[in-house]
file my_file_6.csv (CSV, C-alpha atoms and all ligand atoms)
chain,number,residue,atom,x,y,z
A,1,MET,CA,19.4,-109.4,5.7
A,2,SER,CA,21.2,-108.3,8.8
A,3,ASP,CA,21.8,-110.8,11.6
A,4,THR,CA,19.3,-108.8,13.8
A,5,ALA,CA,16.6,-109.0,11.2
A,6,PHE,CA,17.3,-112.7,10.8
A,7,VAL,CA,16.9,-113.3,14.5
A,8,GLN,CA,13.6,-111.4,14.7
A,9,GLU,CA,12.3,-113.1,11.5
A,10,GLU,CA,13.0,-116.6,12.7
A,11,THR,CA,11.9,-116.4,16.3
A,12,ASN,CA,9.0,-115.2,18.5
A,13,LEU,CA,9.2,-113.0,21.5
A,14,ALA,CA,7.9,-114.9,24.5
A,15,LEU,CA,8.2,-115.2,28.3
A,16,VAL,CA,10.9,-117.6,29.4
A,17,PRO,CA,9.4,-120.6,31.3
A,18,PHE,CA,10.5,-120.5,35.0
A,19,VAL,CA,11.9,-117.0,34.4
A,20,PRO,CA,8.8,-115.1,33.4
A,21,GLU,CA,10.4,-111.8,34.3
A,22,VAL,CA,12.4,-112.1,31.1
A,23,ARG,CA,11.2,-112.2,27.4
A,24,LEU,CA,13.3,-113.6,24.7
A,25,TYR,CA,13.2,-114.1,21.0
A,26,MET,CA,13.0,-117.9,20.9
A,27,ALA,CA,12.5,-120.6,18.2
A,28,ASP,CA,10.2,-123.6,18.3
A,29,ASP,CA,12.2,-126.0,16.1
A,30,ALA,CA,16.0,-126.2,16.5
A,31,ILE,CA,16.7,-128.4,13.5
A,32,ALA,CA,14.6,-126.3,11.1
A,33,LEU,CA,16.3,-123.1,12.3
A,34,TRP,CA,19.7,-124.7,12.1
A,35,GLU,CA,19.1,-125.5,8.4
A,36,THR,CA,17.7,-122.0,7.8
A,37,THR,CA,20.8,-120.5,9.4
A,38,GLU,CA,23.1,-122.5,7.2
A,39,ALA,CA,21.2,-121.6,4.1
A,40,ALA,CA,21.3,-117.9,5.1
A,41,ARG,CA,25.1,-118.0,5.6
A,42,GLY,CA,25.6,-120.3,2.6
A,43,GLU,CA,27.7,-122.6,4.8
A,44,ILE,CA,27.3,-126.0,6.2
A,45,GLY,CA,28.8,-127.2,9.5
A,46,LEU,CA,27.7,-124.1,11.5
A,47,PRO,CA,27.1,-124.5,15.2
A,48,PRO,CA,23.5,-125.0,16.3
A,49,PRO,CA,21.4,-121.9,17.0
A,50,PHE,CA,22.0,-122.0,20.7
A,51,TRP,CA,21.0,-118.4,20.9
A,52,ALA,CA,17.4,-119.2,20.0
A,53,PHE,CA,16.7,-121.2,23.2
A,54,ALA,CA,17.0,-120.7,26.9
A,55,TRP,CA,19.2,-123.6,28.1
A,56,ALA,CA,18.6,-125.2,31.5
A,57,GLY,CA,21.9,-123.9,33.0
A,58,GLY,CA,21.2,-120.4,31.9
A,59,VAL,CA,17.6,-120.5,33.2
A,60,ALA,CA,18.8,-121.7,36.6
A,61,VAL,CA,21.5,-118.9,36.9
A,62,ALA,CA,18.9,-116.3,35.7
A,63,ARG,CA,16.5,-117.6,38.4
A,64,TYR,CA,19.2,-117.4,41.0
A,65,VAL,CA,20.3,-113.9,40.1
A,66,LEU,CA,16.7,-112.6,40.0
A,67,ASP,CA,16.0,-114.1,43.4
A,68,HIS,CA,19.4,-113.0,44.9
A,69,PRO,CA,19.9,-109.5,43.6
A,70,GLN,CA,22.8,-109.0,46.0
A,71,SER,CA,24.8,-111.4,43.9
A,72,VAL,CA,25.1,-108.8,41.1
A,73,ALA,CA,23.8,-105.4,42.3
A,74,GLY,CA,26.4,-102.7,41.8
A,75,ARG,CA,28.9,-105.1,40.3
A,76,THR,CA,30.5,-105.6,37.0
A,77,VAL,CA,29.3,-108.8,35.5
A,78,LEU,CA,30.4,-111.0,32.6
A,79,ASP,CA,27.9,-113.4,31.0
A,80,LEU,CA,30.2,-115.9,29.5
A,81,ALA,CA,28.9,-117.9,26.5
A,82,ALA,CA,25.8,-115.9,26.7
A,83,GLY,CA,23.7,-117.5,24.0
A,84,SER,CA,20.4,-115.5,24.1
A,85,GLY,CA,21.8,-113.2,26.8
A,86,LEU,CA,19.2,-114.5,29.4
A,87,VAL,CA,21.7,-114.6,32.3
A,88,GLY,CA,23.2,-111.1,31.5
A,89,ILE,CA,19.7,-109.7,31.1
A,90,ALA,CA,18.7,-111.0,34.5
A,91,ALA,CA,21.9,-109.4,36.0
A,92,ALA,CA,21.1,-106.1,34.4
A,93,MET,CA,17.5,-106.3,35.7
A,94,ARG,CA,18.9,-106.7,39.3
A,95,GLY,CA,21.1,-103.7,39.2
A,96,ALA,CA,24.5,-104.9,37.9
A,97,LYS,CA,26.8,-101.9,37.4
A,98,SER,CA,27.5,-103.2,33.9
A,99,VAL,CA,27.0,-106.4,32.0
A,100,ARG,CA,29.3,-107.7,29.3
A,101,ALA,CA,28.1,-110.7,27.3
A,102,ALA,CA,30.8,-112.7,25.4
A,103,GLU,CA,29.9,-115.0,22.5
A,104,ILE,CA,31.6,-116.6,19.6
A,105,ASP,CA,28.5,-116.7,17.4
A,106,ALA,CA,27.5,-113.5,15.6
A,107,TYR,CA,23.8,-114.5,15.6
A,108,ALA,CA,24.0,-114.8,19.4
A,109,VAL,CA,25.4,-111.2,19.6
A,110,ALA,CA,22.5,-110.0,17.5
A,111,ALA,CA,20.0,-112.0,19.6
A,112,ILE,CA,21.5,-110.5,22.8
A,113,GLY,CA,21.0,-107.0,21.4
A,114,VAL,CA,17.3,-107.5,20.6
A,115,ASN,CA,16.6,-109.5,23.8
A,116,ALA,CA,18.2,-106.8,26.0
A,117,GLU,CA,16.2,-104.1,24.2
A,118,ALA,CA,13.0,-106.1,24.6
A,119,ASN,CA,13.6,-106.2,28.4
A,120,GLY,CA,14.6,-102.6,28.6
A,121,VAL,CA,18.1,-103.2,29.9
A,122,ARG,CA,21.7,-102.6,28.6
A,123,VAL,CA,24.0,-105.6,27.9
A,124,ASP,CA,27.2,-105.0,26.0
A,125,ALA,CA,27.6,-108.0,23.7
A,126,ALA,CA,30.5,-108.8,21.5
A,127,VAL,CA,31.8,-111.7,19.4
A,128,GLU,CA,34.9,-112.5,21.4
A,129,ASP,CA,36.7,-115.5,22.8
A,130,LEU,CA,37.9,-114.5,26.3
A,131,LEU,CA,39.0,-118.0,27.4
A,132,ASP,CA,42.7,-117.4,27.2
A,133,GLY,CA,42.3,-114.6,29.8
A,134,ASP,CA,40.8,-114.2,33.3
A,135,GLY,CA,37.7,-112.2,32.6
A,136,ALA,CA,39.0,-109.0,34.2
A,137,PRO,CA,37.6,-106.6,35.2
A,138,ALA,CA,34.4,-108.5,35.9
A,139,GLU,CA,33.7,-109.0,39.6
A,140,VAL,CA,31.1,-111.6,38.9
A,141,VAL,CA,31.4,-114.2,36.1
A,142,LEU,CA,28.2,-116.1,35.2
A,143,ALA,CA,28.1,-119.0,32.8
A,144,GLY,CA,25.0,-121.0,31.9
A,145,ASP,CA,25.4,-124.5,30.4
A,146,VAL,CA,29.0,-124.6,29.2
A,147,PHE,CA,30.1,-128.1,30.2
A,148,TYR,CA,28.5,-130.1,27.5
A,149,GLU,CA,31.6,-130.8,25.4
A,150,ARG,CA,34.9,-132.2,26.5
A,151,ALA,CA,37.1,-129.7,24.5
A,152,MET,CA,35.0,-126.8,25.6
A,153,ALA,CA,35.1,-127.8,29.3
A,154,ALA,CA,38.9,-128.1,29.0
A,155,ARG,CA,39.1,-124.4,28.2
A,156,PHE,CA,36.3,-123.1,30.3
A,157,LEU,CA,37.5,-124.5,33.6
A,158,PRO,CA,41.0,-123.0,33.5
A,159,PHE,CA,39.4,-119.7,32.5
A,160,LEU,CA,37.0,-119.8,35.4
A,161,GLU,CA,39.9,-120.8,37.8
A,162,ARG,CA,41.8,-117.7,36.7
A,163,ALA,CA,38.8,-115.5,37.3
A,164,LEU,CA,38.4,-117.0,40.8
A,165,ALA,CA,42.1,-116.6,41.5
A,166,ARG,CA,42.0,-112.8,40.8
A,167,GLY,CA,39.0,-112.4,43.1
A,168,ALA,CA,35.9,-112.8,40.9
A,169,ARG,CA,32.9,-114.7,42.1
A,170,VAL,CA,32.2,-117.5,39.6
A,171,ILE,CA,28.7,-119.0,39.2
A,172,VAL,CA,27.8,-121.7,36.8
A,173,GLY,CA,24.4,-123.3,36.0
A,174,ASP,CA,24.5,-126.9,34.9
A,175,PRO,CA,21.8,-129.6,34.4
A,176,GLY,CA,24.2,-132.6,34.8
A,177,ARG,CA,26.2,-132.2,31.6
A,178,ALA,CA,29.0,-134.8,31.2
A,179,TYR,CA,32.0,-132.6,31.6
A,180,LEU,CA,31.2,-130.5,34.7
A,181,PRO,CA,34.0,-131.0,37.2
A,182,ARG,CA,31.7,-131.2,40.2
A,183,GLU,CA,34.4,-131.6,42.7
A,184,ARG,CA,35.5,-128.0,42.1
A,185,PHE,CA,32.1,-126.5,42.8
A,186,THR,CA,29.8,-126.0,45.7
A,187,ALA,CA,26.0,-126.1,45.1
A,188,LEU,CA,24.1,-123.0,45.9
A,189,VAL,CA,20.6,-124.2,44.9
A,190,ALA,CA,18.9,-126.7,42.5
A,191,TYR,CA,15.8,-126.2,40.5
A,192,ASP,CA,13.6,-128.4,38.4
A,193,VAL,CA,13.8,-126.4,35.1
A,194,PRO,CA,11.3,-126.9,32.3
A,195,VAL,CA,13.3,-127.6,29.1
A,196,VAL,CA,12.6,-127.9,25.4
A,197,ALA,CA,11.7,-131.6,25.1
A,198,ASP,CA,13.0,-131.9,21.5
A,199,LEU,CA,16.5,-130.7,22.7
A,200,GLU,CA,16.8,-132.6,26.0
A,201,ASP,CA,14.5,-135.7,25.6
A,202,THR,CA,12.7,-134.7,28.8
A,203,ALA,CA,10.4,-131.9,29.9
A,204,LEU,CA,12.1,-131.1,33.2
A,205,LYS,CA,15.8,-131.1,34.2
A,206,THR,CA,17.1,-130.8,37.7
A,207,THR,CA,19.6,-128.0,37.3
A,208,THR,CA,22.1,-126.9,39.9
A,209,VAL,CA,23.6,-123.4,40.4
A,210,TRP,CA,27.2,-123.9,41.4
A,211,GLN,CA,29.9,-121.6,42.8
A,212,LEU,CA,33.5,-122.3,41.9
A,213,THR,CA,35.5,-122.6,45.2
A,214,PRO,CA,39.3,-122.5,45.7
A,215,ALA,CA,41.0,-125.8,45.2
A,216,LEU,CA,42.5,-127.3,48.3
A,217,SER,CA,46.3,-127.3,48.2
A,218,PRO,CA,47.9,-130.7,48.9
A,219,VAL,CA,49.1,-130.9,52.5
A,220,GLY,CA,52.9,-130.9,52.4
B,1,LIG,C1,24.4,-124.3,25.5
B,1,LIG,S1,24.6,-122.6,25.0
B,1,LIG,C2,24.3,-121.7,26.5
B,1,LIG,C3,23.8,-120.3,26.2
B,1,LIG,C4,23.3,-119.6,27.5
B,1,LIG,N1,24.4,-119.4,28.4
B,1,LIG,C5,22.1,-120.3,28.1
B,1,LIG,O1,22.4,-121.0,29.2
B,1,LIG,O2,21.0,-120.3,27.6
B,1,LIG,C6,26.4,-122.5,25.0
B,1,LIG,C7,26.9,-121.2,24.3
B,1,LIG,O3,28.4,-121.2,24.4
B,1,LIG,C8,28.9,-120.4,23.3
B,1,LIG,N2,30.3,-120.6,23.3
B,1,LIG,C9,31.0,-121.7,23.0
B,1,LIG,N3,32.3,-121.5,23.1
B,1,LIG,C10,32.5,-120.2,23.5
B,1,LIG,C11,33.6,-119.4,23.8
B,1,LIG,N4,34.8,-119.8,23.7
B,1,LIG,N5,33.4,-118.1,24.2
B,1,LIG,C12,32.1,-117.6,24.2
B,1,LIG,N6,31.0,-118.4,24.0
B,1,LIG,C13,31.2,-119.6,23.6
B,1,LIG,C14,28.1,-121.0,22.2
B,1,LIG,O4,28.1,-120.2,21.0
B,1,LIG,C15,26.7,-121.2,22.8
B,1,LIG,O5,25.9,-120.0,22.5
call {"tool": "encode", "arguments": {"input": "my_file_6.csv", "output": "structure tokens"}}
result
Amino acid sequence: MSDTAFVQEETNLALVPFVPEVRLYMADDAIALWETTEAARGEIGLPPPFWAFAWAGGVAVARYVLDHPQSVAGRTVLDLAAGSGLVGIAAAMRGAKSVRAAEIDAYAVAAIGVNAEANGVRVDAAVEDLLDGDGAPAEVVLAGDVFYERAMAARFLPFLERALARGARVIVGDPGRAYLPRERFTALVAYDVPVVADLEDTALKTTTVWQLTPALSPVG
């Protein structure tokens, strides 16, 4: 079975809570889907099926982009660690010149394909790890929920700093994950985002949309 057929078989197309402009192929049960994914690949130790859920950080960035079209309209956009593609889809809906979605999970790339199609927009998704670069030529770099692991955060922040240094606007959505370096960001807005209770142990998470701001140089 192709990855695309697998995504469609194991999920249902539904409106995203808090972002009802967007429909995604989503799953109900993360653990069951994780096991099914490992069985389908014949491997254990695969990453969880992040692509089958709208994560709080992504929901908040999508809400922000939909409500602030000027943040993306006419610009080249990178949806970094795109998962379902929710953020990139929102950017495409609000007139981004182009949207590239980067993921390291092939199932996510398949999910982004069917999700973009379901919403009638174009998102160019690829399995790629861009974190050693600076995200060029994207003028806007969007990242939903990427600061939940120490090792990941240690690679994402320098990447985002390089994107900022070459002139990109960098926007991140985060529901209070442990490894977000808050001191480097300025809050744009915060929302109470409905989340999957089985994944987050709560029904609502206050989630902030942050903009990366230049670090202050030490006064010499
Ligand atoms: C919590 S999910 C967030 C997905 C989506 N942005 C959202 O908010 O719904 C984090 C995603 O980061 C992806 N990821 C992890 N490391 C990555 C990397 N180096 N490059 C691209 N994606 C990565 C994972 O595969 C996963 O889909």
call {"tool": "residues_around", "arguments": {"input": "my_file_6.csv", "residues": "Glu10 in chain A", "least_positions_apart": "6", "cutoff": "9 Å", "atoms": "all atoms listed in the file", "output": "PyMOL selection string"}}
result
chain A and resi 25-27+33+36+52
call {"tool": "residues_near_ligand", "arguments": {"input": "my_file_6.csv", "ligand": "ligand LIG 1 (chain B)", "cutoff": "9 Å", "atoms": "only C-alpha atoms and all ligand atoms", "output": "PyMOL selection string"}}
result
chain A and resi 47-62+79-88+101-108+127-132+142-148+152+155-156+173-174
call {"tool": "atom_distance", "arguments": {"input": "my_file_6.csv", "atom1": "CA of Val123 in chain A", "atom2": "CA of Asn12 in chain A"}}
result
20.1 Å
call {"tool": "closest_residue", "arguments": {"input": "my_file_6.csv", "among": "A:Ala5, A:Ala215, A:Ile171, A:Ala178", "to": "Ser71 in chain A", "atoms": "all atoms listed in the file"}}
result
A:Ile171
call {"tool": "atom_distance", "arguments": {"input": "my_file_6.csv", "atom1": "CA of Leu199 in chain A", "atom2": "CA of Glu183 in chain A"}}
result
26.9 Å
call {"tool": "residues_around", "arguments": {"input": "my_file_6.csv", "residues": "Phe6 in chain A", "least_positions_apart": "5", "cutoff": "10 Å", "atoms": "all atoms listed in the file", "output": "PyMOL selection string"}}
result
chain A and resi 1+11+36-37+40+107+110-111
call {"tool": "write_last_selection", "arguments": {"input": "my_file_6.csv", "atoms": "C-alpha atoms", "output": "PDB file, in the frame of the given file"}}
result
ATOM      1  CA  MET A   1      19.400-109.400   5.700  1.00  0.00           C
ATOM      2  CA  THR A  11      11.900-116.400  16.300  1.00  0.00           C
ATOM      3  CA  THR A  36      17.700-122.000   7.800  1.00  0.00           C
ATOM      4  CA  THR A  37      20.800-120.500   9.400  1.00  0.00           C
ATOM      5  CA  ALA A  40      21.300-117.900   5.100  1.00  0.00           C
ATOM      6  CA  TYR A 107      23.800-114.500  15.600  1.00  0.00           C
ATOM      7  CA  ALA A 110      22.500-110.000  17.500  1.00  0.00           C
ATOM      8  CA  ALA A 111      20.000-112.000  19.600  1.00  0.00           C
TER       9      ALA A 111
END
call {"tool": "residues_around", "arguments": {"input": "my_file_6.csv", "residues": "Leu78 in chain A", "least_positions_apart": "6", "cutoff": "6 Å", "atoms": "all atoms listed in the file", "output": "VMD selection string"}}
result
chain A and resid 99 to 101 138 141
call {"tool": "residues_around", "arguments": {"input": "my_file_6.csv", "residues": "Met93 in chain A", "least_positions_apart": "2", "cutoff": "10 Å", "atoms": "only C-alpha atoms", "output": "JSON, numbers by chain"}}
result
{"A": [21, 22, 65, 66, 69, 72, 73, 87, 88, 89, 90, 91, 95, 96, 116, 119, 120, 121, 122]}
call {"tool": "write_last_selection", "arguments": {"input": "my_file_6.csv", "atoms": "C-alpha atoms", "output": "PDB file, in the frame of the given file"}}
result
ATOM      1  CA  GLU A  21      10.400-111.800  34.300  1.00  0.00           C
ATOM      2  CA  VAL A  22      12.400-112.100  31.100  1.00  0.00           C
ATOM      3  CA  VAL A  65      20.300-113.900  40.100  1.00  0.00           C
ATOM      4  CA  LEU A  66      16.700-112.600  40.000  1.00  0.00           C
ATOM      5  CA  PRO A  69      19.900-109.500  43.600  1.00  0.00           C
ATOM      6  CA  VAL A  72      25.100-108.800  41.100  1.00  0.00           C
ATOM      7  CA  ALA A  73      23.800-105.400  42.300  1.00  0.00           C
ATOM      8  CA  VAL A  87      21.700-114.600  32.300  1.00  0.00           C
ATOM      9  CA  GLY A  88      23.200-111.100  31.500  1.00  0.00           C
ATOM     10  CA  ILE A  89      19.700-109.700  31.100  1.00  0.00           C
ATOM     11  CA  ALA A  90      18.700-111.000  34.500  1.00  0.00           C
ATOM     12  CA  ALA A  91      21.900-109.400  36.000  1.00  0.00           C
ATOM     13  CA  GLY A  95      21.100-103.700  39.200  1.00  0.00           C
ATOM     14  CA  ALA A  96      24.500-104.900  37.900  1.00  0.00           C
ATOM     15  CA  ALA A 116      18.200-106.800  26.000  1.00  0.00           C
ATOM     16  CA  ASN A 119      13.600-106.200  28.400  1.00  0.00           C
ATOM     17  CA  GLY A 120      14.600-102.600  28.600  1.00  0.00           C
ATOM     18  CA  VAL A 121      18.100-103.200  29.900  1.00  0.00           C
ATOM     19  CA  ARG A 122      21.700-102.600  28.600  1.00  0.00           C
TER      20      ARG A 122
END
call {"tool": "closest_residue", "arguments": {"input": "my_file_6.csv", "among": "A:Val7, A:Ala168, A:Leu13, A:Val109", "to": "Trp34 in chain A", "atoms": "all atoms listed in the file"}}
result
A:Val7
call {"tool": "closest_residue", "arguments": {"input": "my_file_6.csv", "among": "A:Pro175, A:Pro194, A:Pro20, A:Gly167", "to": "Val140 in chain A", "atoms": "only C-alpha atoms"}}
result
A:Gly167
call {"tool": "closest_residue", "arguments": {"input": "my_file_6.csv", "among": "A:Asp198, A:Ile31, A:Glu149, A:Leu164", "to": "Arg177 in chain A", "atoms": "all atoms listed in the file"}}
result
A:Glu149
call {"tool": "atom_distance", "arguments": {"input": "my_file_6.csv", "atom1": "CA of Gly176 in chain A", "atom2": "CA of Ala151 in chain A"}}
result
16.8 Å
call {"tool": "closest_residue", "arguments": {"input": "my_file_6.csv", "among": "A:Lys97, A:Arg75, A:Arg63, A:Arg150", "to": "Val209 in chain A", "atoms": "only C-alpha atoms"}}
result
A:Arg63
